[in-house]
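Report on the following structure.
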Amino acid sequence: MYIDCQHLKIQFPIYNAQQRSIKRSLLTIAGGGRLSQSQGVTMVTALDDISFSLQDGDRLALLGHNGSGKTTLLRALAGVYSPVSGTLKTSGKISSLLDATLGMEPELTGIENIKLRSLLLGIPPQQLPSLIDDVIAFSELEEFIYLPVRTYSSGMILRLAFAICTARAPEILLMDEWISVGDAAFKDKAEKRLQSFIDKAAILVIATHDPHLANRVSNQQLHLEQGKIL
Ligand SMILES: Nc1ncnc2c1ncn2[C@@H]1O[C@H](COP(=O)(O)OP(=O)(O)OP(=O)(O)O)[C@@H](O)[C@H]1O
């Protein structure tokens, strides 16, 4: 498994920055050239000339101030954004803990949501019964697992989503900050499961503002500033 990223550039066109005065003031504020004009459209350069390679066993922490490009890089790795230039090659199944509750269907029961997620994650049907047992036991939702998810509290939805997302070992794992789930009693249990889930990943990329966490979980760090590597 690997990630090979060379000279990656990601830009966003902003189509509604129409007024000349807005454009001029934005371009002035931006300094370092992150906002530019192309054929009358304002472009934000979120990432510019990003190169790195990761192999099995690598744990990369992305550090940087708000707006430095960490989330954009994770989304590009997940295939959400295509590069304007540069190349991004990956080998291995990518799992992302960017938004655990994404894709949860409120009208379906807990059990049905587990089945739906398993399908989306490509889990073989023969593994489904043990996965369902594991998620039910871990999430502690008991008989609520047979009710529609819209009847759950926000904490119950998070428990279910977290239990599903962390049920199978990932190959390449992308995380935006360290996720924290549930009340005090559940948090300890969730932390242990998360740590063992991360340990099983061949490659980890985590964005964080916390240098202590970065030192604890990573063996490589990338400091971003205004979309570039410092
Ligand atoms: N969909 C979008 N459209 C336009 N600009 C965007 C979009 N997404 C991100 N940007 C811009 O790209 C830059 C990088 O944003 P990004 O969300 O990657 O930063 P970040 O390092 O994750 O910040 P934070 O620590 O606040 O989460 C910012 O200037 C932001 O305004």
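Ligands are numbered from 1 in the order shown, residues from 1 within each chain, and chains are lettered A, B, ... in the order they appear in the structure tokens.
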
Distance filter 9 Å around ligand 1, atoms: only C-alpha atoms and all ligand atoms, out as a ChimeraX atom specification: /A:10-14,34-35,43-47,62-75,176,207-209,224-227

Leu108 (chain A) surroundings by only C-alpha atoms, 12 Å radius, close-in-sequence under 3 positions cut, as a ChimeraX atom specification: /A:103-105,111-117,144-152

Residue among A:Asp188, A:Asp210, A:Asp134, A:Glu143 lying closest to Thr109 (chain A), counting only C-alpha atoms: A:Glu143

Minimum-distance residue to Ser118 (chain A), chosen among A:Leu131, A:Asp4, A:Glu171, A:Ala76 (using only C-alpha atoms):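 Smallest separation from Ser118 (chain A) among the options: A:Leu131.
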
Test item: residues at most 8 Å from Thr166 (chain A), only C-alpha atoms, excluding those fewer than 6 positions along its chain, as a PyMOL selection string: chain A and resi 193-194+197

Polymer residues at most 7 Å from Leu173 (chain A), only C-alpha atoms, same-chain spacing of 2 or more positions, as a list of chain:residue names: A:Ile94, A:Ser95, A:Ser96, A:Pro170, A:Glu171, A:Met175, A:Ala201, A:Ile203, A:Leu204, A:Val205

Test item, strand (DSSP E or B) assignment across region 14-230 of chain A, answer as a VMD selection string: chain A and resid 14 35 to 38 41 to 55 59 to 63 85 to 91 94 to 97 109 148 172 to 176 203 to 207 220 to 225 228 to 229

Which residue of A:Ile229, A:Pro125, A:Ala185, A:Ile132 approaches Lys9 (chain A) most closely, using only C-alpha atoms: A:Ile229

Backbone DSSP call of helix (DSSP H, G or I) for chain A, listed as a PyMOL selection string: chain A and resi 20-30+70-77+110-121+125-139+142-146+149-151+154-165+184-200+211-217
